[in-house]
Amino acid sequence: MRRDRRDGRVADSLLALLSRDWIGVPAAVLMAGAGAGLAGAGAGWATVLGALVMAVGVLLAVGAVRHLVLMARERRENPPPGRLVDVGGHRMHLLAEGEAGSGPTVVWIPGGHAPGEDFRELHTMLSAGARSVLVDRFGSGWSDVGTFPRTTAGEAEELWAALEGAREQAPFVLVGHSFGGLLVANAARRRPDLVAGLVLLDPTPPEVVAFAPRSRQLARIRRGFLLTAVRDLFGARRGTGSRAGQSCAAASIFAELSPSGLARVGWETVVYDGDLGDLPLVLVIPRDLIGGETVLAGAGDAAEAERISRFYLRSRVRYLATSTSSRLVHTPEGTGHDFPHEVPSFVVGVVGDLVRELRATAP
């Protein structure tokens, strides 16, 4: 366990270093300088190798400068549409629109580590009749990268600090999709006094992380984030001004999504049966495993495929046990895990119904 913590600290330090978009320039210059020194060593093989290393360093330096230029242009052309709020010395971006009226205010958290902009369509539709807030977690959208490691528990605390800093008024209805569902459930457990209700859109069940059939998909996703960060640092992605820190933040928080990662943070992250008391909770899930064909394809035979299907379908409903005032809503036929983008009107309807119920029963 001690070694795991040490390895984790090293990984977090490396991610924090990679998240600094300027780091590509000195790294490339150091490589070019090392190549020049090697080329001047005198030996034939050293001269050739040194020239090659120096050339690569020069190319990387050009790419790193290009990356900084693209980022500067991106900031000029796409200023933040909302407010930047100080949270622990870093700026977090919130876009709040619509009138709260008799409340509550709706806060949206997309899946993965996506920016609030991912739910812009849902936010725009709902804000016509309620106060609606999009949040860019640290390391996404217009927010700063923040500190490392990125954790669900930490982001739950940061969410409350950002809403307070933006002077958004409780009570809130928290809406989260997939990994964002795990986050808002965690946030509600920490501050139930600020929450009027929860809408969980096919939230990530911890059982799936801990006990699902062995899969390397999440590890591949994390490696993909790391590769994207390096490519961004050296301008290797054509026509993009994306920050390397965004990919580093996603790679950091995705470290939780493994059996060993969840074991380290489980007590602070998982929302257990009864943790939410009688908080109104709407769990919205698909009826079947549309989109999960890859998982089922890994089964050895029909019996194992049936067991895998049962495991995932039963795990999906576990959040109903976290509150005594929970209910289940199924998504339209033919929709899968990405239903917030497939049927946005349906999602806004479910959230709007809960808002109206809470208004009607509010003292």
# chains A, B, ... in the order shown; residues from 1 in each chain; ligands from 1

$ residues_around --residues "Val195 (chain A)" --least-positions-apart "4" --cutoff "8 Å" --atoms "only C-alpha atoms" --output "list in words"
Ala170, Pro171, Phe172, Val173, Leu174, Ala188, Arg191 and Leu279 of chain A

$ write_last_selection --atoms "N, CA and C atoms" --output "PDB file, in the first residue's frame"
ATOM      1  N   ALA A 170     -29.206  28.083  -3.133  1.00  0.00           N
ATOM      2  CA  ALA A 170     -29.813  26.780  -2.878  1.00  0.00           C
ATOM      3  C   ALA A 170     -31.323  26.984  -2.688  1.00  0.00           C
ATOM      4  N   PRO A 171     -32.119  25.919  -2.834  1.00  0.00           N
ATOM      5  CA  PRO A 171     -31.705  24.526  -3.032  1.00  0.00           C
ATOM      6  C   PRO A 171     -31.410  24.226  -4.499  1.00  0.00           C
ATOM      7  N   PHE A 172     -30.646  23.150  -4.709  1.00  0.00           N
ATOM      8  CA  PHE A 172     -30.239  22.751  -6.050  1.00  0.00           C
ATOM      9  C   PHE A 172     -30.802  21.378  -6.408  1.00  0.00           C
ATOM     10  N   VAL A 173     -31.057  21.215  -7.689  1.00  0.00           N
ATOM     11  CA  VAL A 173     -31.272  19.884  -8.255  1.00  0.00           C
ATOM     12  C   VAL A 173     -30.001  19.561  -9.029  1.00  0.00           C
ATOM     13  N   LEU A 174     -29.316  18.518  -8.616  1.00  0.00           N
ATOM     14  CA  LEU A 174     -28.079  18.124  -9.264  1.00  0.00           C
ATOM     15  C   LEU A 174     -28.369  17.043 -10.297  1.00  0.00           C
ATOM     16  N   ALA A 188     -24.112  15.411  -3.156  1.00  0.00           N
ATOM     17  CA  ALA A 188     -25.348  15.441  -2.379  1.00  0.00           C
ATOM     18  C   ALA A 188     -25.151  14.801  -1.004  1.00  0.00           C
ATOM     19  N   ARG A 191     -23.473  17.514   1.219  1.00  0.00           N
ATOM     20  CA  ARG A 191     -24.255  18.694   1.597  1.00  0.00           C
ATOM     21  C   ARG A 191     -25.732  18.495   1.281  1.00  0.00           C
ATOM     22  N   LEU A 279     -33.851  11.962   0.362  1.00  0.00           N
ATOM     23  CA  LEU A 279     -33.689  12.951  -0.708  1.00  0.00           C
ATOM     24  C   LEU A 279     -34.361  12.457  -1.984  1.00  0.00           C
TER      25      LEU A 279
END

$ select_by_dssp --residues "region 17-262 of chain A" --states "strand (DSSP E)" --output "JSON, numbers by chain"
{"A": [83, 84, 85, 86, 87, 90, 91, 92, 93, 94, 95, 96, 97, 105, 106, 107, 108, 109, 132, 133, 134, 135, 136, 172, 173, 174, 175, 176, 177, 195, 196, 197, 198, 199, 200, 201]}

$ closest_residue --among "A:Val85, A:Val295, A:Leu134, A:Val351" --to "Val199 (chain A)" --atoms "only C-alpha atoms"
A:Val351

$ closest_residue --among "A:Leu262, A:Leu122, A:Ala302, A:Leu320" --to "Ile109 (chain A)" --atoms "only C-alpha atoms"
A:Leu122

$ closest_residue --among "A:Leu163, A:Ile308, A:Ala303, A:Val329" --to "Leu194 (chain A)" --atoms "only C-alpha atoms"
A:Leu163

$ residues_around --residues "Val133 (chain A)" --least-positions-apart "3" --cutoff "12 Å" --atoms "only C-alpha atoms" --output "ChimeraX atom specification"
/A:82-83,93-100,104-110,116-117,119-120,122-127,130,136,159,162-163,166-169,172-175

$ atom_distance --atom1 "CA of Gly33 (chain A)" --atom2 "CA of Val62 (chain A)"
14.4 Å

$ closest_residue --among "A:Pro363, A:Phe311, A:Leu283, A:Gly300" --to "His330 (chain A)" --atoms "only C-alpha atoms"
A:Leu283

$ residues_around --residues "Ala34 (chain A)" --least-positions-apart "2" --cutoff "10 Å" --atoms "only C-alpha atoms" --output "ChimeraX atom specification"
/A:28-32,36-40,50-51,53-54,57

$ residues_around --residues "region 229-240 of chain A" --least-positions-apart "2" --cutoff "10 Å" --atoms "only C-alpha atoms" --output "ChimeraX atom specification"
/A:15,18-25,27-28,59-71,74,223-227,242-249,251

$ residues_around --residues "Pro206 (chain A)" --least-positions-apart "2" --cutoff "8 Å" --atoms "only C-alpha atoms" --output "PyMOL selection string"
chain A and resi 204+208-210+262+270

$ closest_residue --among "A:Ala156, A:Ala46, A:Val355, A:Val343" --to "Leu198 (chain A)" --atoms "only C-alpha atoms"
A:Val355

$ select_by_dssp --residues "region 55-100 of chain A" --states "alpha helix (DSSP H)" --output "ChimeraX atom specification"
/A:55-77

$ residues_around --residues "Pro203 (chain A)" --least-positions-apart "2" --cutoff "6 Å" --atoms "only C-alpha atoms" --output "list in words"
His177, Ser178, Gly181, Leu182, Leu200 and Leu201 of chain A

$ write_last_selection --atoms "N, CA, C and O atoms" --output "PDB file, in the first residue's frame"
ATOM      1  N   HIS A 177     -24.550  12.756 -15.446  1.00  0.00           N
ATOM      2  CA  HIS A 177     -24.565  11.621 -16.375  1.00  0.00           C
ATOM      3  C   HIS A 177     -23.310  10.777 -16.203  1.00  0.00           C
ATOM      4  O   HIS A 177     -22.205  11.322 -16.112  1.00  0.00           O
ATOM      5  N   SER A 178     -23.460   9.455 -16.159  1.00  0.00           N
ATOM      6  CA  SER A 178     -22.338   8.523 -16.137  1.00  0.00           C
ATOM      7  C   SER A 178     -21.409   8.846 -14.966  1.00  0.00           C
ATOM      8  O   SER A 178     -21.834   8.851 -13.804  1.00  0.00           O
ATOM      9  N   GLY A 181     -22.680  11.360 -12.747  1.00  0.00           N
ATOM     10  CA  GLY A 181     -23.705  10.924 -11.807  1.00  0.00           C
ATOM     11  C   GLY A 181     -23.093  10.508 -10.480  1.00  0.00           C
ATOM     12  O   GLY A 181     -23.627  10.822  -9.402  1.00  0.00           O
ATOM     13  N   LEU A 182     -21.966   9.799 -10.552  1.00  0.00           N
ATOM     14  CA  LEU A 182     -21.245   9.444  -9.329  1.00  0.00           C
ATOM     15  C   LEU A 182     -20.812  10.705  -8.588  1.00  0.00           C
ATOM     16  O   LEU A 182     -20.899  10.779  -7.353  1.00  0.00           O
ATOM     17  N   LEU A 200     -30.112  11.237 -11.725  1.00  0.00           N
ATOM     18  CA  LEU A 200     -28.921  10.484 -12.112  1.00  0.00           C
ATOM     19  C   LEU A 200     -29.177   9.816 -13.460  1.00  0.00           C
ATOM     20  O   LEU A 200     -30.080   8.974 -13.580  1.00  0.00           O
ATOM     21  N   LEU A 201     -28.388  10.220 -14.450  1.00  0.00           N
ATOM     22  CA  LEU A 201     -28.560   9.739 -15.814  1.00  0.00           C
ATOM     23  C   LEU A 201     -27.581   8.592 -16.070  1.00  0.00           C
ATOM     24  O   LEU A 201     -26.413   8.826 -16.364  1.00  0.00           O
TER      25      LEU A 201
END

$ atom_distance --atom1 "CA of Thr151 (chain A)" --atom2 "CA of Arg222 (chain A)"
14.4 Å

$ atom_distance --atom1 "CA of Pro286 (chain A)" --atom2 "CA of Arg131 (chain A)"
27.2 Å
